[in-house]
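Undergrad: Sharing a structure below in structure tokens format, with a few things to ask.
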Amino acid sequence: MNVQTRVKAGCVRQLAGVLASRRILRCATVNVAAMAAHRRIVQRDGHDRPRQVQEDVRSYFVALLRGLNRAADRGILSAHVAKRMADVFIGNVLLRSTEDDDVVNSLGFAPPKFLLVSPTGRCNLRCKGCYAESDPGNHASLDFDTFDRILTEKRELWGSHFTVISGGEPFLWRDGERDLLDMVAKHDSDFFMVYTNGTQIDDDTARRMAELGNISPAISVEGFEEETDARRGRGTHRKVLTAFENLRKHGVPFGVSATPTKDNWEVIASDEFVDYYFDREGAVYCWLFQYMPIGREQSLDLMVEPENRVEMLRRMQGFVREREVFVADFWNSGPTSSGCICAGRRGGYFYIDWNGDIMPCGFVPYSTDNIHQIYREGGDLNTAFDSPLFKRIREWQDDYGFTQPAEGVSNWLCPCVIRDHFSSLKDAVVRSSARPINKEAAEAMTDPDYCRGMVEYGKSIKRMMDPIWEREYVDGQGSGGSEQHAGARAVLERFAPRLQRKGNNDVRSH
Ligand code: SF4
């Protein structure tokens, strides 16, 4: 074990103790970690990013820590889950990187950090505008051995210990007697985040999740009861509340995910939404996926309009920077992830669906490879990484800013290769001869009205976001978040050494 690994292992042991410890020690340690994050992420800035980008990364990290701390305060994070999260999520995911020298040297490239896998297309709901077009009649699923091999390979080849599961409804996936939680148990050094409609999380499922400790569900809502039931079916919101109750009872941390559209974005991006799901229900995080016009009944008219996307950005910044709650928007949070993360980018991911089709992203339904075929022909996940479509998108990501120095980064508030740069995506799809995975994806490439509409959307959002990017990220004026935290930082810096010493003593006494 090298020195770095020993130091990390020591950190994890301490964190495990702290997460399960008394309130005063936990709060003090979270404060110290928040301050250390400023030093490590903002001041050191190992990636040469615009300063506000690093400030955003720090804000999200702190918001996540505060969320876990709040859950522990309320007694809805069990001691066993806290220990497992420290070991697996913090130790194997956050502190371990697929960019480590030994991984990169052995492969000759930096691999993705995680995969998105949808093991089944089946769903018990039939939501309007579902990007995955899932429904009760779709029975296509990965078999246990293929799913298992994907997870094993990504860990062994890339050192990746994080998997995002979507669908379909993941908790409906079965192969014989074995279900999703059997797979999670088999890969107990990996952490799983599962996007689910929540309707299958009964008391026994929540209990099994708590015993495993390496899984967190992100449950879909569309606003409050009225909006959720309108899209997902009557009675769905009540089932979601029951799932929350079961998860709280067994101490499993959970999040929510929501799809803002032109019609419901104001409800979702509101203080009332945050009060309800974070303060009342106990969510630790929230992912927003603004409606993407791809999939069932795709419609450009449902997209959040550009001026409202800007308003959503402002509200979300307030939630994260001021209220310190983790609300991430797959598009407006682009600076935090250094832009688009799809197509197997370093630190990013790619997507494998229930048919084994391999795509750059859950929202980019074009493919050059299928995992079953790759395995039949003797290949592995590295073969998938070499997809000509992925290579073209990665080249675009690099040119757009990912491998550029801070001053060469283009506007990461418009990061998305399909939503914000449709012509670039179309060019990559055509030149790599990627096939659309369904008829809606085919139409998106050939329907002139659709193509024109997407290109126009990209131009509008660029016009609105460019001045914000220039002022707050390029010129470095920020939007007030840094200044608001400066006072708190000064206090923390003054007391940190004392808190640190106390923390060490208390951890040892446990
Ligand atoms: S293609 Fe768009 S949705 Fe997919 S990872 Fe990139 S930015 Fe996100």
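Within each chain, counting starts at residue 1; across the structure tokens, chains are named A, B, ... in the order shown, with ligands numbered 1 upward in that order.
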So that I can see what lies close to Ile341 in chain A, please list as number ranges by chain the residues with an atom at most 12 Å from it, counting only C-alpha atoms and leaving out residues fewer than 5 positions away in the same chain.
TA: A: 111-116, 330-331, 333-336, 346-351, 360-363, 390, 393-394, 396-398, 401-402, 412, 415-417
Undergrad: Now that the selection is made, can you save its residues with N, CA and C atoms as a compact mmCIF listing (two decimals), in the first residue's frame?
TA:
```
# COMPACT_ATOMS: atom_id res chain seq x y z
N PRO A 111 -9.95 6.57 -18.36
CA PRO A 111 -11.29 6.01 -18.62
C PRO A 111 -12.39 6.82 -17.95
N PRO A 112 -13.66 6.51 -18.31
CA PRO A 112 -14.77 7.17 -17.61
C PRO A 112 -14.80 6.79 -16.14
N LYS A 113 -15.46 7.63 -15.37
CA LYS A 113 -15.54 7.39 -13.92
C LYS A 113 -16.67 6.42 -13.58
N PHE A 114 -17.71 6.38 -14.42
CA PHE A 114 -18.86 5.52 -14.11
C PHE A 114 -19.60 5.15 -15.37
N LEU A 115 -20.58 4.26 -15.22
CA LEU A 115 -21.48 3.92 -16.32
C LEU A 115 -22.91 4.16 -15.88
N LEU A 116 -23.75 4.46 -16.86
CA LEU A 116 -25.20 4.46 -16.65
C LEU A 116 -25.71 3.19 -17.31
N PHE A 330 -28.85 19.01 -14.85
CA PHE A 330 -27.93 18.35 -15.78
C PHE A 330 -27.37 19.32 -16.83
N TRP A 331 -28.02 20.47 -17.03
CA TRP A 331 -27.53 21.43 -18.03
C TRP A 331 -26.97 22.68 -17.37
N SER A 333 -25.88 23.08 -14.49
CA SER A 333 -24.71 22.83 -13.63
C SER A 333 -23.49 22.45 -14.47
N GLY A 334 -23.53 22.71 -15.76
CA GLY A 334 -22.42 22.35 -16.65
C GLY A 334 -21.04 22.78 -16.18
N PRO A 335 -20.88 23.99 -15.61
CA PRO A 335 -19.53 24.37 -15.16
C PRO A 335 -18.97 23.41 -14.12
N THR A 336 -19.82 22.87 -13.26
CA THR A 336 -19.34 22.00 -12.17
C THR A 336 -18.72 20.72 -12.70
N ARG A 346 -13.07 11.45 -19.88
CA ARG A 346 -12.37 11.32 -18.61
C ARG A 346 -13.24 11.90 -17.48
N GLY A 347 -13.48 11.10 -16.46
CA GLY A 347 -14.32 11.54 -15.35
C GLY A 347 -15.81 11.45 -15.66
N GLY A 348 -16.18 11.06 -16.87
CA GLY A 348 -17.59 11.02 -17.26
C GLY A 348 -18.13 9.61 -17.37
N TYR A 349 -18.96 9.37 -18.38
CA TYR A 349 -19.66 8.09 -18.46
C TYR A 349 -20.13 7.81 -19.87
N PHE A 350 -20.63 6.57 -20.09
CA PHE A 350 -21.50 6.30 -21.23
C PHE A 350 -22.63 5.38 -20.77
N TYR A 351 -23.51 5.04 -21.71
CA TYR A 351 -24.80 4.45 -21.33
C TYR A 351 -25.02 3.12 -22.04
N PRO A 360 -23.85 7.36 -26.09
CA PRO A 360 -23.01 8.32 -25.37
C PRO A 360 -23.63 8.75 -24.04
N CYS A 361 -24.98 8.84 -24.02
CA CYS A 361 -25.67 9.46 -22.88
C CYS A 361 -27.11 8.98 -22.91
N GLY A 362 -27.79 9.01 -21.79
CA GLY A 362 -29.19 8.62 -21.75
C GLY A 362 -30.07 9.48 -22.65
N PHE A 363 -29.62 10.67 -22.97
CA PHE A 363 -30.41 11.58 -23.79
C PHE A 363 -29.92 11.65 -25.24
N PHE A 390 -18.32 8.03 -30.12
CA PHE A 390 -17.78 8.56 -28.86
C PHE A 390 -16.53 9.41 -29.15
N ILE A 393 -17.48 12.82 -30.41
CA ILE A 393 -18.04 13.69 -29.35
C ILE A 393 -16.93 14.11 -28.39
N ARG A 394 -16.02 13.20 -28.06
CA ARG A 394 -14.92 13.58 -27.16
C ARG A 394 -14.05 14.66 -27.79
N TRP A 396 -15.12 16.92 -29.80
CA TRP A 396 -15.91 18.16 -29.65
C TRP A 396 -15.78 18.70 -28.22
N GLN A 397 -15.90 17.79 -27.23
CA GLN A 397 -15.78 18.23 -25.82
C GLN A 397 -14.42 18.87 -25.57
N ASP A 398 -13.36 18.24 -26.12
CA ASP A 398 -12.01 18.78 -25.92
C ASP A 398 -11.88 20.18 -26.51
N GLY A 401 -13.68 22.97 -24.63
CA GLY A 401 -13.11 23.48 -23.39
C GLY A 401 -12.50 22.47 -22.46
N PHE A 402 -12.85 21.19 -22.60
CA PHE A 402 -12.45 20.23 -21.59
C PHE A 402 -10.93 20.13 -21.45
N TRP A 412 -19.64 26.92 -20.58
CA TRP A 412 -20.15 25.67 -20.00
C TRP A 412 -21.55 25.83 -19.40
N PRO A 415 -23.68 23.52 -22.09
CA PRO A 415 -22.70 22.44 -22.27
C PRO A 415 -23.13 21.31 -23.19
N CYS A 416 -24.42 21.25 -23.55
CA CYS A 416 -24.97 19.98 -24.03
C CYS A 416 -24.85 19.81 -25.55
N VAL A 417 -24.23 18.71 -25.93
CA VAL A 417 -23.97 18.48 -27.36
C VAL A 417 -25.27 18.24 -28.13
```
Undergrad: Go through range 6-114 of chain A residue by residue and, counting only C-alpha atoms, keep those with an atom at most 7 Å from range 305-324 of chain A; for each kept residue give the shortest atom pair and its distance in Å to one decimal, ordered by chain and increasing number, as a tab-separated table.
TA:
```
residue	atom	partner	partner_atom	distance
A:Ser59	CA	A:Arg321	CA	5.9
A:Tyr60	CA	A:Val320	CA	6.5
A:Ala63	CA	A:Glu324	CA	4.5
A:Arg66	CA	A:Glu324	CA	6.9
```
Undergrad: Kindly export the residues of the current selection with C-alpha atoms, as a PDB file, in the first residue's frame.
TA:
```
ATOM      1  CA  SER A  59     -20.322  24.667  -3.271  1.00  0.00           C
ATOM      2  CA  TYR A  60     -21.748  21.356  -4.479  1.00  0.00           C
ATOM      3  CA  ALA A  63     -23.978  21.066  -0.044  1.00  0.00           C
ATOM      4  CA  ARG A  66     -24.384  19.333   4.731  1.00  0.00           C
TER       5      ARG A  66
END
```
Undergrad: I want to know what sits within 10 Å of Gly408 in chain A, based on only C-alpha atoms, with residues of the same chain fewer than 4 positions away left out; could you give that as a list of chain:residue names?
TA: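 The neighbour list is A:Arg49, A:Pro50, A:Asp399, A:Tyr400, A:Gly401, A:Phe402, A:Thr403, A:Gln404, A:Val474.
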Undergrad: Which residue gives the smallest distance to ligand 1 among A:Ile358, A:Val364, A:Ala384, A:Val455, with only C-alpha atoms and all ligand atoms counted?
TA: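 Using only C-alpha atoms and all ligand atoms, ligand 1 sits closest to A:Val364.
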Undergrad: Give me, as a compact mmCIF listing (two decimals) with C-alpha atoms, in the first residue's frame, all polymer residues having an atom no more than 9 Å from Lys462 in chain A, counting only C-alpha atoms and skipping those fewer than 2 positions away in the same chain.
TA:
```txt
# COMPACT_ATOMS: atom_id res chain seq x y z
CA PRO A 306 -34.34 30.02 -22.71
CA ASN A 411 -19.44 28.63 -22.29
CA LEU A 413 -23.54 27.15 -19.12
CA CYS A 414 -24.49 25.78 -22.58
CA ASP A 420 -27.35 23.32 -27.00
CA TYR A 457 -32.92 26.88 -29.25
CA GLY A 458 -29.11 26.57 -29.10
CA LYS A 459 -28.67 30.06 -30.55
CA SER A 460 -31.16 31.60 -28.12
CA MET A 464 -28.67 34.67 -23.04
CA MET A 465 -25.95 32.70 -21.26
CA ASP A 466 -22.87 34.23 -22.95
CA PRO A 467 -22.95 37.53 -21.03
```
Undergrad: Running DSSP on the backbone, which parts of range 144-242 of chain A land in helix (DSSP H, G or I), as a PyMOL selection string?
TA: chain A and resi 144-158+170-172+180-186+203-212+225-232+236-242
Undergrad: With N, CA and C atoms retained, write the just-selected residues as a short mmCIF file (atom, residue, chain, number, x, y, z; two decimals), in the first residue's frame.
TA:
```cif
data_model
loop_
_atom_site.label_atom_id
_atom_site.label_comp_id
_atom_site.auth_asym_id
_atom_site.auth_seq_id
_atom_site.Cartn_x
_atom_site.Cartn_y
_atom_site.Cartn_z
N PHE A 144 -28.60 -11.61 -16.18
CA PHE A 144 -27.76 -11.41 -15.00
C PHE A 144 -26.27 -11.43 -15.36
N ASP A 145 -25.87 -12.41 -16.16
CA ASP A 145 -24.43 -12.57 -16.43
C ASP A 145 -23.86 -11.39 -17.20
N THR A 146 -24.62 -10.86 -18.16
CA THR A 146 -24.11 -9.71 -18.92
C THR A 146 -24.01 -8.48 -18.02
N PHE A 147 -25.06 -8.24 -17.25
CA PHE A 147 -25.08 -7.10 -16.32
C PHE A 147 -23.90 -7.22 -15.35
N ASP A 148 -23.73 -8.41 -14.80
CA ASP A 148 -22.66 -8.68 -13.85
C ASP A 148 -21.28 -8.44 -14.49
N ARG A 149 -21.14 -8.91 -15.72
CA ARG A 149 -19.85 -8.76 -16.41
C ARG A 149 -19.52 -7.28 -16.65
N ILE A 150 -20.53 -6.51 -17.02
CA ILE A 150 -20.31 -5.07 -17.25
C ILE A 150 -19.76 -4.42 -15.97
N LEU A 151 -20.41 -4.73 -14.84
CA LEU A 151 -20.01 -4.10 -13.58
C LEU A 151 -18.62 -4.58 -13.14
N THR A 152 -18.35 -5.86 -13.34
CA THR A 152 -17.05 -6.41 -12.96
C THR A 152 -15.94 -5.79 -13.82
N GLU A 153 -16.21 -5.73 -15.12
CA GLU A 153 -15.19 -5.22 -16.05
C GLU A 153 -14.84 -3.77 -15.78
N LYS A 154 -15.85 -2.95 -15.51
CA LYS A 154 -15.55 -1.53 -15.35
C LYS A 154 -14.72 -1.30 -14.08
N ARG A 155 -14.92 -2.14 -13.09
CA ARG A 155 -14.11 -2.02 -11.88
C ARG A 155 -12.70 -2.53 -12.15
N GLU A 156 -12.61 -3.71 -12.81
CA GLU A 156 -11.28 -4.31 -13.00
C GLU A 156 -10.46 -3.59 -14.05
N LEU A 157 -11.12 -3.14 -15.13
CA LEU A 157 -10.37 -2.47 -16.21
C LEU A 157 -10.05 -1.03 -15.86
N TRP A 158 -11.02 -0.34 -15.26
CA TRP A 158 -10.91 1.12 -15.10
C TRP A 158 -10.75 1.59 -13.66
N PRO A 170 -35.99 0.25 -12.47
CA PRO A 170 -34.93 -0.70 -12.11
C PRO A 170 -35.35 -1.76 -11.12
N PHE A 171 -36.28 -1.41 -10.19
CA PHE A 171 -36.65 -2.41 -9.18
C PHE A 171 -37.57 -3.49 -9.73
N LEU A 172 -37.94 -3.37 -11.02
CA LEU A 172 -38.69 -4.47 -11.65
C LEU A 172 -37.76 -5.44 -12.35
N LEU A 180 -32.39 -6.63 -8.56
CA LEU A 180 -31.36 -5.58 -8.55
C LEU A 180 -30.54 -5.59 -7.27
N LEU A 181 -31.19 -5.80 -6.13
CA LEU A 181 -30.44 -5.74 -4.87
C LEU A 181 -29.49 -6.93 -4.73
N ASP A 182 -29.78 -8.05 -5.38
CA ASP A 182 -28.81 -9.15 -5.41
C ASP A 182 -27.56 -8.72 -6.19
N MET A 183 -27.78 -7.96 -7.27
CA MET A 183 -26.63 -7.48 -8.04
C MET A 183 -25.81 -6.46 -7.23
N VAL A 184 -26.52 -5.58 -6.53
CA VAL A 184 -25.83 -4.59 -5.69
C VAL A 184 -25.03 -5.30 -4.60
N ALA A 185 -25.59 -6.35 -4.04
CA ALA A 185 -24.89 -7.11 -3.00
C ALA A 185 -23.63 -7.77 -3.56
N LYS A 186 -23.72 -8.26 -4.79
CA LYS A 186 -22.57 -8.94 -5.39
C LYS A 186 -21.41 -7.96 -5.65
N ASP A 203 -41.40 -1.71 2.60
CA ASP A 203 -40.61 -1.81 3.83
C ASP A 203 -39.45 -2.80 3.67
N ASP A 204 -39.71 -3.94 3.04
CA ASP A 204 -38.69 -4.96 2.92
C ASP A 204 -37.56 -4.51 1.97
N THR A 205 -37.93 -3.83 0.89
CA THR A 205 -36.89 -3.35 -0.04
C THR A 205 -36.01 -2.31 0.65
N ALA A 206 -36.63 -1.40 1.40
CA ALA A 206 -35.85 -0.38 2.13
C ALA A 206 -34.93 -1.05 3.16
N ARG A 207 -35.45 -2.08 3.83
CA ARG A 207 -34.62 -2.80 4.82
C ARG A 207 -33.41 -3.44 4.14
N ARG A 208 -33.64 -4.06 2.98
CA ARG A 208 -32.51 -4.68 2.28
C ARG A 208 -31.49 -3.64 1.84
N MET A 209 -31.99 -2.49 1.39
CA MET A 209 -31.05 -1.42 0.99
C MET A 209 -30.21 -0.97 2.18
N ALA A 210 -30.85 -0.86 3.34
CA ALA A 210 -30.12 -0.43 4.54
C ALA A 210 -29.04 -1.45 4.92
N GLU A 211 -29.35 -2.72 4.76
CA GLU A 211 -28.35 -3.76 5.08
C GLU A 211 -27.16 -3.69 4.13
N LEU A 212 -27.45 -3.35 2.86
CA LEU A 212 -26.37 -3.27 1.88
C LEU A 212 -25.53 -2.01 2.12
N GLU A 225 -48.02 16.87 -5.37
CA GLU A 225 -48.91 15.76 -5.73
C GLU A 225 -49.61 16.00 -7.08
N GLU A 226 -50.12 17.19 -7.26
CA GLU A 226 -50.91 17.46 -8.47
C GLU A 226 -50.06 17.25 -9.73
N GLU A 227 -48.86 17.83 -9.75
CA GLU A 227 -48.02 17.74 -10.95
C GLU A 227 -47.50 16.31 -11.14
N THR A 228 -47.16 15.65 -10.04
CA THR A 228 -46.61 14.29 -10.15
C THR A 228 -47.67 13.33 -10.68
N ASP A 229 -48.85 13.41 -10.11
CA ASP A 229 -49.91 12.50 -10.55
C ASP A 229 -50.37 12.82 -11.97
N ALA A 230 -50.29 14.10 -12.36
CA ALA A 230 -50.73 14.46 -13.72
C ALA A 230 -49.85 13.79 -14.77
N ARG A 231 -48.55 13.68 -14.51
CA ARG A 231 -47.67 13.05 -15.51
C ARG A 231 -47.53 11.55 -15.29
N ARG A 232 -47.53 11.12 -14.03
CA ARG A 232 -47.16 9.72 -13.71
C ARG A 232 -48.34 8.83 -13.38
N THR A 236 -49.67 8.14 -7.66
CA THR A 236 -48.21 7.88 -7.66
C THR A 236 -47.52 8.66 -6.53
N HIS A 237 -47.92 9.92 -6.33
CA HIS A 237 -47.24 10.73 -5.32
C HIS A 237 -47.42 10.12 -3.93
N ARG A 238 -48.58 9.56 -3.67
CA ARG A 238 -48.82 8.94 -2.36
C ARG A 238 -47.85 7.76 -2.16
N LYS A 239 -47.62 7.01 -3.24
CA LYS A 239 -46.68 5.88 -3.15
C LYS A 239 -45.25 6.37 -2.93
N VAL A 240 -44.94 7.52 -3.54
CA VAL A 240 -43.60 8.10 -3.35
C VAL A 240 -43.40 8.48 -1.88
N LEU A 241 -44.43 9.08 -1.28
CA LEU A 241 -44.32 9.46 0.14
C LEU A 241 -44.14 8.22 1.03
N THR A 242 -44.79 7.12 0.65
CA THR A 242 -44.61 5.88 1.41
C THR A 242 -43.17 5.37 1.27
#
```
Undergrad: Which polymer residues have any atom within 6 Å of an atom of range 262-275 of chain A, counting only C-alpha atoms, with same-chain residues fewer than 6 positions away left out, as a list of chain:residue names?
TA: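 In the requested form, the answer reads A:Gly223, A:Leu302, A:Met303, A:Val304.
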Undergrad: Generate the output file for the selected residues, N, CA and C atoms, as a compact mmCIF listing (two decimals), in the first residue's frame.
TA:
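Saved file part09.txt follows:
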```txt
# COMPACT_ATOMS: atom_id res chain seq x y z
N GLY A 223 -43.03 17.84 -9.17
CA GLY A 223 -43.51 19.00 -8.44
C GLY A 223 -44.13 18.42 -7.17
N LEU A 302 -42.46 21.62 -25.22
CA LEU A 302 -42.43 21.37 -23.77
C LEU A 302 -41.11 21.81 -23.10
N MET A 303 -40.12 22.17 -23.94
CA MET A 303 -38.82 22.55 -23.36
C MET A 303 -38.94 23.82 -22.52
N VAL A 304 -38.15 23.91 -21.46
CA VAL A 304 -38.08 25.14 -20.68
C VAL A 304 -37.53 26.23 -21.60
```
Undergrad: Suppose you want the space between CA of Thr261 in chain A and CA of Gly295 in chain A; what is it in Å?
TA: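 So the two atoms, CA of Thr261 in chain A and CA of Gly295 in chain A, lie 14.6 Å apart.
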Undergrad: Run DSSP on the backbone of this structure and report the residues of range 75-185 of chain A it assigns to strand (DSSP E or B), as a PyMOL selection string.
TA: chain A and resi 114-117+120+122+135+141+162-165+174-175+178-179
Undergrad: With N, CA and C atoms retained, export the selected residues as a PDB file, in the first residue's frame.
TA:
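What landed in result14.pdb:
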```
ATOM      1  N   PHE A 114     -17.710   6.384 -14.424  1.00  0.00           N
ATOM      2  CA  PHE A 114     -18.856   5.521 -14.109  1.00  0.00           C
ATOM      3  C   PHE A 114     -19.600   5.147 -15.371  1.00  0.00           C
ATOM      4  N   LEU A 115     -20.579   4.257 -15.217  1.00  0.00           N
ATOM      5  CA  LEU A 115     -21.482   3.916 -16.315  1.00  0.00           C
ATOM      6  C   LEU A 115     -22.911   4.160 -15.877  1.00  0.00           C
ATOM      7  N   LEU A 116     -23.750   4.459 -16.862  1.00  0.00           N
ATOM      8  CA  LEU A 116     -25.198   4.463 -16.653  1.00  0.00           C
ATOM      9  C   LEU A 116     -25.713   3.188 -17.310  1.00  0.00           C
ATOM     10  N   VAL A 117     -26.389   2.348 -16.527  1.00  0.00           N
ATOM     11  CA  VAL A 117     -26.925   1.093 -17.058  1.00  0.00           C
ATOM     12  C   VAL A 117     -28.429   1.044 -16.774  1.00  0.00           C
ATOM     13  N   THR A 120     -33.478  -2.888 -17.453  1.00  0.00           N
ATOM     14  CA  THR A 120     -34.760  -3.304 -18.043  1.00  0.00           C
ATOM     15  C   THR A 120     -35.499  -2.102 -18.629  1.00  0.00           C
ATOM     16  N   ARG A 122     -38.724  -2.304 -18.888  1.00  0.00           N
ATOM     17  CA  ARG A 122     -40.068  -2.459 -18.350  1.00  0.00           C
ATOM     18  C   ARG A 122     -40.340  -1.431 -17.254  1.00  0.00           C
ATOM     19  N   ASP A 135     -42.572   1.284 -20.668  1.00  0.00           N
ATOM     20  CA  ASP A 135     -43.966   1.017 -20.318  1.00  0.00           C
ATOM     21  C   ASP A 135     -44.093  -0.436 -19.886  1.00  0.00           C
ATOM     22  N   SER A 141     -34.673  -6.945 -21.359  1.00  0.00           N
ATOM     23  CA  SER A 141     -33.836  -6.801 -20.157  1.00  0.00           C
ATOM     24  C   SER A 141     -32.459  -7.395 -20.414  1.00  0.00           C
ATOM     25  N   PHE A 162     -18.410   3.288  -9.324  1.00  0.00           N
ATOM     26  CA  PHE A 162     -19.689   3.999  -9.250  1.00  0.00           C
ATOM     27  C   PHE A 162     -20.551   3.613 -10.448  1.00  0.00           C
ATOM     28  N   THR A 163     -21.825   3.315 -10.184  1.00  0.00           N
ATOM     29  CA  THR A 163     -22.752   2.961 -11.255  1.00  0.00           C
ATOM     30  C   THR A 163     -24.071   3.679 -11.035  1.00  0.00           C
ATOM     31  N   VAL A 164     -24.581   4.269 -12.106  1.00  0.00           N
ATOM     32  CA  VAL A 164     -25.914   4.867 -12.057  1.00  0.00           C
ATOM     33  C   VAL A 164     -26.849   3.911 -12.787  1.00  0.00           C
ATOM     34  N   ILE A 165     -27.971   3.621 -12.137  1.00  0.00           N
ATOM     35  CA  ILE A 165     -28.949   2.687 -12.710  1.00  0.00           C
ATOM     36  C   ILE A 165     -30.217   3.460 -13.051  1.00  0.00           C
ATOM     37  N   ARG A 174     -35.447  -8.412 -13.081  1.00  0.00           N
ATOM     38  CA  ARG A 174     -35.228  -9.741 -12.486  1.00  0.00           C
ATOM     39  C   ARG A 174     -34.572 -10.627 -13.525  1.00  0.00           C
ATOM     40  N   ASP A 175     -33.768 -11.569 -13.060  1.00  0.00           N
ATOM     41  CA  ASP A 175     -33.354 -12.675 -13.920  1.00  0.00           C
ATOM     42  C   ASP A 175     -33.520 -13.920 -13.061  1.00  0.00           C
ATOM     43  N   ARG A 178     -33.185 -13.706  -9.101  1.00  0.00           N
ATOM     44  CA  ARG A 178     -32.297 -12.623  -8.664  1.00  0.00           C
ATOM     45  C   ARG A 178     -32.801 -11.260  -9.130  1.00  0.00           C
ATOM     46  N   ASP A 179     -32.685 -10.256  -8.229  1.00  0.00           N
ATOM     47  CA  ASP A 179     -33.152  -8.915  -8.565  1.00  0.00           C
ATOM     48  C   ASP A 179     -32.021  -7.905  -8.416  1.00  0.00           C
TER      49      ASP A 179
END
```
Undergrad: Kindly indicate which residue among A:Met454, A:Cys340, A:Ala258, A:Leu389 lies nearest to ligand 1, using only C-alpha atoms and all ligand atoms for the distances.
TA: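 Of the candidates, the smallest distance to ligand 1 is held by A:Cys340.
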Undergrad: Find the residues near Ser367 in chain A: any atom within 7 Å, counting only C-alpha atoms, skip ones fewer than 4 places away on the same chain, and give them as a ChimeraX atom specification.
TA: /A:357-359,434-437
Undergrad: Could you check which of A:Glu472, A:Asp449, A:Asp100, A:Asp329 is closest to ligand 1, using only C-alpha atoms and all ligand atoms?
TA: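 Residue with the minimum atom-to-atom distance to ligand 1: A:Asp329.
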Undergrad: Residues at most 12 Å from Gly168 in chain A, counting only C-alpha atoms, excluding those fewer than 5 positions away in the same chain, as a VMD selection string?
TA: chain A and resid 117 to 127 130 to 142 173 194 to 198 353 to 355 362
Undergrad: Could you work out how far CA of Ala428 in chain A lies from CA of Gly108 in chain A, giving the answer in Å with one decimal?
TA: 23.9 Å
Undergrad: How many Å lie between CA of Arg74 in chain A and CA of Gly282 in chain A, rounded to one decimal?
TA: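 CA of Gly282 in chain A lies 8.3 Å from CA of Arg74 in chain A.
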Undergrad: Taking only C-alpha atoms into account, which of A:Met193, A:Ala442, A:Ile468, A:Val221 comes nearest Val93 in chain A?
TA: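 Between A:Met193, A:Ala442, A:Ile468, A:Val221, the residue approaching Val93 in chain A most closely is A:Met193.
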Undergrad: Given only C-alpha atoms and all ligand atoms as the basis, pick out the residue of A:Tyr375, A:Leu381, A:Ala444, A:Ile294 nearest to ligand 1.
TA: A:Ile294
Undergrad: Which residue is closest to Ile371 in chain A? Choose from A:His47, A:Ile76, A:Asp143, A:Gly251 and count only C-alpha atoms.
TA: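 Among the listed residues, the smallest separation from Ile371 in chain A belongs to A:Asp143.
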